[in-house]
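Data first, discussion second: the structure below is written as structure tokens.
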Amino acid sequence: MWRNRYKAQNPSVSKEKEEFACVNCQAAASTTYKKYSEDVIRLTECEKCHELVDKYIEYDVVLVVIDLMLQYVQAYRHLLLNVKIERPERLFVIFWLSHAAEVWMRDKTGAQFGQVADQEWMFYRCLLLSAVEICSFVVTILLFSLWKKKETTQSTWQIIGSTLLGYYGNVAVVISFIFNLSHETSYQVVMQIFLLVSHVQVQRVLFPTVSSTDNIIVVLTAKLISTTTGSLLTAAVL
Ligand SMILES: [Zn+2]
């Protein structure tokens with residue numbers, strides 16, 4: 001499990017220093033564990049807070065996902081700072097399709113009972129609208145990162161990737177289809193709150209020295225810009 005899921009690490013190689021981060025205090029760490037033999041592995045202790053640098057190394061993926069859903073910022077630090085996700089673009093496509101399904105549910109009109117051509121147009125319309133909404137959200141976060149350049153150690157691509165991962169809650173749309181919850185206002189409100197909290201947690205990891213209030217304001221602003229852009233596009237051309 002360690003070999004496949006996590007970033008490669010070799011404590012003896014000094015140039016890999018500070019590649020990882022403590023999930024508790026986000027201090028830089030050179031390793032998350034030390035391997036003494038094939039079966040003996042010892043998790044590294046953080047030099048700053050003296051807790052384990054990354055307790056999630058030992059956790060099963062399902063438990064990590066549960067902690068993410070419970071919005072533990074430690075789980076977000078583990079995922080965004082210590083895990084190397086293989087081919088993340090596959091995940092982004094899933095989140096994009098899920099987001100498009102959300103948009104489709106939100107804007108559902110009589111066209112669903114129309115001709116096949118109408119339904120096909122609606123599908124492309126939702127995909128385009130969803131892409132525009134996600135892009136405007138990411139661009140807002142990028143503009144903020146340019147303004148607060150000194151508050152983050154992450155590269156532009158890492159910020160884009162992490163912000164896109166903040167959309168993972170959209171996959172719950174599958175559950176809403178199964179249990180026919182798509183029209184329930186309570187479900188939509190809970191989903192929107194969940195996504196906003198996820199984005200705030202991602203922001204806290206990307207900009208650890210920025211106050212939580214500022215991070216919340218940035219996420220709310222990005223959400224507002226994203227929704228407004230989507231509405232303007234709908235009114236203008238769709
Ligand atoms: Zn620490």
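Chain lettering (A, B, ...) mirrors the order of the structure tokens, residue numbering begins at 1 for each chain separately, and ligand numbering begins at 1 in order of display.
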Next on the checklist: For the structure I just gave you, how does DSSP split chain A - specifically, which residues are strand (DSSP E or B)? Reply as a list in words.
Outcome noted: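 Taking chain A and keeping strand (DSSP E or B) only, one gets Tyr6, Phe20, Ala21, Ala28, Ala29, Tyr33, Lys34, Lys35, Ile41, Arg42, Leu43, Glu45, Leu52 and Val83 of chain A.
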Preceding selection exported with C-alpha atoms as a short mmCIF file (atom, residue, chain, number, x, y, z; two decimals), in the first residue's frame:
data_model
loop_
_atom_site.label_atom_id
_atom_site.label_comp_id
_atom_site.auth_asym_id
_atom_site.auth_seq_id
_atom_site.Cartn_x
_atom_site.Cartn_y
_atom_site.Cartn_z
CA TYR A 6 2.13 7.70 -1.61
CA PHE A 20 6.00 16.46 2.87
CA ALA A 21 3.97 18.33 5.46
CA ALA A 28 7.57 20.81 6.45
CA ALA A 29 8.89 17.27 6.90
CA TYR A 33 7.65 7.13 7.60
CA LYS A 34 10.85 5.16 7.82
CA LYS A 35 11.14 1.67 6.49
CA ILE A 41 7.66 0.66 9.14
CA ARG A 42 7.75 3.47 11.66
CA LEU A 43 5.77 6.66 11.19
CA GLU A 45 7.17 12.30 14.38
CA LEU A 52 2.82 11.84 13.86
CA VAL A 83 -0.33 12.03 -1.64
#
Checklist entry - Do you know which residues are at most 7 Å from range 130-140 of chain A counting only C-alpha atoms, after dropping those on the same chain fewer than 2 positions away, and could you put them as number ranges by chain? => result A: 96, 99-100, 103, 126-128, 142-144, 160, 163, 222-223, 225-227, 229-230
Item to check | Nearby polymer residues, ligand 1, at most 12 Å, only C-alpha atoms and all ligand atoms, as a VMD selection string | outcome: chain A and resid 20 to 29 32 44 to 55 74 77
Next on the checklist: So that I can check the surroundings of range 86-94 of chain A, please list as a ChimeraX atom specification every protein, DNA and RNA residue that reaches within 12 Å of it, counting only C-alpha atoms and ignoring chain neighbours fewer than 4 positions away.
Outcome noted: /A:4-7,80,98-101,127,130-131,134,157-158,160-174
Checklist entry - Could you write out, as a VMD selection string, all the residues of range 32-126 of chain A that DSSP marks as alpha helix (DSSP H)? => result chain A and resid 61 to 69 73 to 77 88 to 106 116 to 126
Item to check | Å distance separating CA of Ser145 in chain A from CA of Val210 in chain A, one decimal place | outcome: 10.9 Å
